[in-house]
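Report on one structure; see the data block that follows.
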Amino acid sequence: MSRRSAPSHRWSGRVPFALAVGLQTLRRSPLHTLLSTLGIVVGVAALVAILSLGDGLEEAAREQIESTTDLQLITATPRAIERIDGVSVRKATIPEFAASDVEALQKRLGRAATVTLGAMRGAEVSAPTGRSQGVILTAVLPNALEVSGDSVAVGRFLTPEDVDSSLDVAVLSFALAEALADSSDPLALHRGVVTIDEGTLRVVGILTPSRRTGSRVYVPFGSRVLESPATPPALGIKVAAIENVPAVRDTLDAWLTGRFGTTDDFDIATNEWRVSQSRRAVLLFKLIMGAITGISILVGGIGVMNVLLVSIAQRTREIGVRRAAGARRRDVLLQFLVESIAISGAGSVIGLAVGFGAVFAFVPIVRHITDIPFRAGFSVSTVVVVLAAAIVVGVMFGTYPAWRAAQLEPVDALRHE
């Protein structure tokens with residue numbers, strides 16, 4: 001058993017030795033090594049810059065989509081209209097959600113998502129200032145802000161007591177408060193009243209400004225001012241992580257099937273496709289620009305191969321001495337492969353630093369010129385790609401010179417001048 005394992009021990013011992021010899025050779029001629037890595041430095045720096053800018057573009061696109069849509073939001077709305085022979089007809093029976101359904105689905109989803117319920121219709125709201133505004137009147141549960149992502153600027157949001165007692169209270173969006181206020185301070189409507197359909201509601205809170213909210217009035221679910229909503233109550237589901245949107249969607253489908261027997265009576269909507277669309281566009285950008293910068297890395301690899309071939313010609317006698325001293329062909333092969341990988345690795349590390357430095361210098365200039373809050377993205381995948389490129393280039397372009405060196409006969413190498 002020990003005799004069979006001896007060759008593997010000898011082979012494992014040759015790897016560190018070859019590495020030491022290869023690195024020692026590179027340290028003897030640092031300028032030579034640096035010049036041989038310039039092509040790889042330029043190629044890797046360009047690749048790092050492209051990948052970092054691509055990550056930044058993807059993050060910026062995601063933020064822009066998040067500011068206009070709810071990426072992690074899933075809505076399930078009962079269908080009130082069906083098509084019969086090409087004609088839209090209101091359905092005789094419409095499935096309807098209740099507060100108990102919210103509790104049941106929330107228990108099913110656990111911490112993966114937050115479930116709420118809401119109904120809405122158009123209305124006209126007026127204030128004591130004499131101003132009026134067309135609004136979307138929305139009846140919601142107290143956890144609606146957890147789903148919408150909005151926050152309260154002044155006052156409070158609706159509470160369970162408001163829902164249970166059907167109190168005549170309301171929360172206004174900032175845009176609506178701004179339209180109804182007769183002063184420069186829209187928050188002055190807090191603790192005032194507004195009128196909807198001859199019913200008076202006490203304003204208990206005003207939300208912070210948001211481009212997604214628009215002119216809205218939030219009232220407790222079940223409020224008398226929304227006894228006849230334009231659409232049936234709909235479920236709103238805020239998924240904790242966008243990656244879990246497909247899984248939560250599948251769970252919702254299964255729950256609807258178990259609760260109502262089918263999902264055909266519901267319109268289920270997500271914004272997942274917008275994220276996928278932006279990711280595909282950025283991936284295409286990365287692939288095209290990566291292919292272009294990859295040419296520079298290949299040119300650098302050819303430079304490494306030429307440098308190694310010249311080095312072998314200059315060190316032929318050294319190779320002969322090593323062979324005569326008992327080194328095998330694979331020892332010489334391994335030595336020059338290590339040198340090739342070390343050269344490409346050094347170039348990749350330098351290129352990594354140069355690329356990141358260039359991005360740090362370039363991004364502030366772009367932000368200053370365009371006034372866009374753009375920033376570069378740095379991910380572990382970028383470093384992994386660079387390291388993989390170093391190994392691939394070192395092996396690919398170092399194999400032939402290493403093979404040439406390993407094929408030298410000791411006698412011929414020792415006679416070389």
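Every chain in the structure tokens has a letter given in the order shown (A, B, ...), and although residue numbers restart at 1 in each chain, ligands are simply numbered from 1 in the order shown.
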request  = Name all residues at most 8 Å from segment 238-255 of chain A (count only C-alpha atoms; drop same-chain ones fewer than 4 positions away) and give them as a list of chain:residue names.
outcome  = A:Leu71, A:Gln72, A:Leu73, A:Ile74, A:Leu105, A:Leu109, A:Arg111, A:Ala112, A:Ala113, A:Thr114, A:Val115, A:Glu146, A:Val147, A:Ser148, A:Arg259, A:Thr263, A:Glu272
Could those selected residues go to a file with C-alpha atoms, as a compact mmCIF listing (two decimals), in the first residue's frame?
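Dumped to selection.txt:
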```
# COMPACT_ATOMS: atom_id res chain seq x y z
CA LEU A 71 -41.37 44.68 -7.84
CA GLN A 72 -42.24 42.41 -4.95
CA LEU A 73 -45.99 42.99 -5.08
CA ILE A 74 -48.48 40.34 -6.18
CA LEU A 105 -53.21 32.98 3.45
CA LEU A 109 -47.08 32.00 3.56
CA ARG A 111 -42.59 35.13 6.84
CA ALA A 112 -42.17 34.80 3.10
CA ALA A 113 -44.73 37.57 2.45
CA THR A 114 -47.20 40.01 3.98
CA VAL A 115 -50.86 39.80 2.95
CA GLU A 146 -46.27 47.17 5.02
CA VAL A 147 -47.34 46.15 1.52
CA SER A 148 -47.25 49.54 -0.21
CA ARG A 259 -60.33 27.99 -1.39
CA THR A 263 -57.74 30.35 -10.30
CA GLU A 272 -41.44 40.21 -12.10
```
key: Spatial neighbours of Ala353 of chain A, 12 Å, only C-alpha atoms, chain gap at least 6 places, as a PyMOL selection string   = chain A and resi 41-42+44-49+346-347+359-360+383+386
request  = For each of A:Ala177, A:Ala80, A:Leu408, A:Val102, take the minimum atom-to-atom distance to Ala313 of chain A, counting only C-alpha atoms, then give the residue where this is smallest.
outcome  =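 Among the listed residues, the smallest separation from Ala313 of chain A belongs to A:Leu408.
Interatomic distance, atom CA of Thr316 of chain A to atom CA of Val304 of chain A: 18.0 Å.
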request  = Would you kindly return, as a list in words, each protein, DNA or RNA residue with an atom no farther than 8 Å from any atom of Pro78 of chain A, considering only C-alpha atoms and excluding same-chain residues fewer than 6 positions away?
outcome  =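 Neighbouring residues, sequence-local ones excluded: Ile94, Pro95, Glu96, Pro232, Pro233, Ala234, Asp265, Phe266 and Asp267 of chain A.
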request  = Could you please write out, as JSON, numbers by chain, every residue of segment 155-379 of chain A that DSSP assigns to strand (DSSP E)?
outcome  = {"A": [155, 169, 170, 171, 172, 193, 194, 195, 196, 199, 200, 201, 202, 203, 204, 205, 206, 207, 216, 217, 218, 219, 220, 234, 235, 236, 237, 238, 239, 266, 267, 268, 269, 270]}
inquiry  = If you run DSSP on the backbone here, which positions in segment 36-129 of chain A get helix (DSSP H, G or I)? Please write them as a ChimeraX atom specification.
reply    = /A:36-68,99-112
message = At a cut-off of 7 Å, using only C-alpha atoms, what residues contact segment 166-173 of chain A? Leave out same-chain residues fewer than 3 positions from it and give the result as a ChimeraX atom specification.
response = /A:157,162-163,176-177,201-207,213-220,222-223
For the residues selected in the previous step, produce a file with C-alpha atoms as an mmCIF file, in the first residue's frame.
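The result, written out as out_8.cif:
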```
data_model
loop_
_atom_site.group_PDB
_atom_site.id
_atom_site.type_symbol
_atom_site.label_atom_id
_atom_site.label_comp_id
_atom_site.auth_asym_id
_atom_site.auth_seq_id
_atom_site.Cartn_x
_atom_site.Cartn_y
_atom_site.Cartn_z
ATOM 1 C CA PHE A 157 -52.242 55.266 9.879
ATOM 2 C CA ASP A 162 -60.690 51.872 13.234
ATOM 3 C CA VAL A 163 -61.529 48.761 11.189
ATOM 4 C CA LEU A 176 -53.985 64.996 -2.179
ATOM 5 C CA ALA A 177 -53.185 67.034 0.937
ATOM 6 C CA LEU A 201 -64.231 61.986 7.647
ATOM 7 C CA ARG A 202 -61.676 63.068 10.242
ATOM 8 C CA VAL A 203 -58.107 63.186 8.900
ATOM 9 C CA VAL A 204 -55.870 61.235 11.281
ATOM 10 C CA GLY A 205 -52.729 61.077 9.154
ATOM 11 C CA ILE A 206 -50.952 62.221 6.000
ATOM 12 C CA LEU A 207 -48.456 60.066 4.112
ATOM 13 C CA THR A 213 -49.406 56.939 -4.520
ATOM 14 C CA GLY A 214 -51.080 59.800 -6.390
ATOM 15 C CA SER A 215 -54.281 61.346 -4.973
ATOM 16 C CA ARG A 216 -55.701 58.773 -2.570
ATOM 17 C CA VAL A 217 -57.891 58.634 0.512
ATOM 18 C CA TYR A 218 -57.437 55.598 2.764
ATOM 19 C CA VAL A 219 -60.366 54.554 4.947
ATOM 20 C CA PRO A 220 -60.871 51.493 7.201
ATOM 21 C CA GLY A 222 -65.673 48.019 5.700
ATOM 22 C CA SER A 223 -66.194 51.778 5.974
#
```
task = Determine, counting only C-alpha atoms, which protein, DNA and RNA residues have an atom within 7 Å of an atom of Pro142 of chain A; residues of the same chain fewer than 5 positions away are not included. Present the result as JSON, numbers by chain.
result = {"A": [158, 159, 160]}
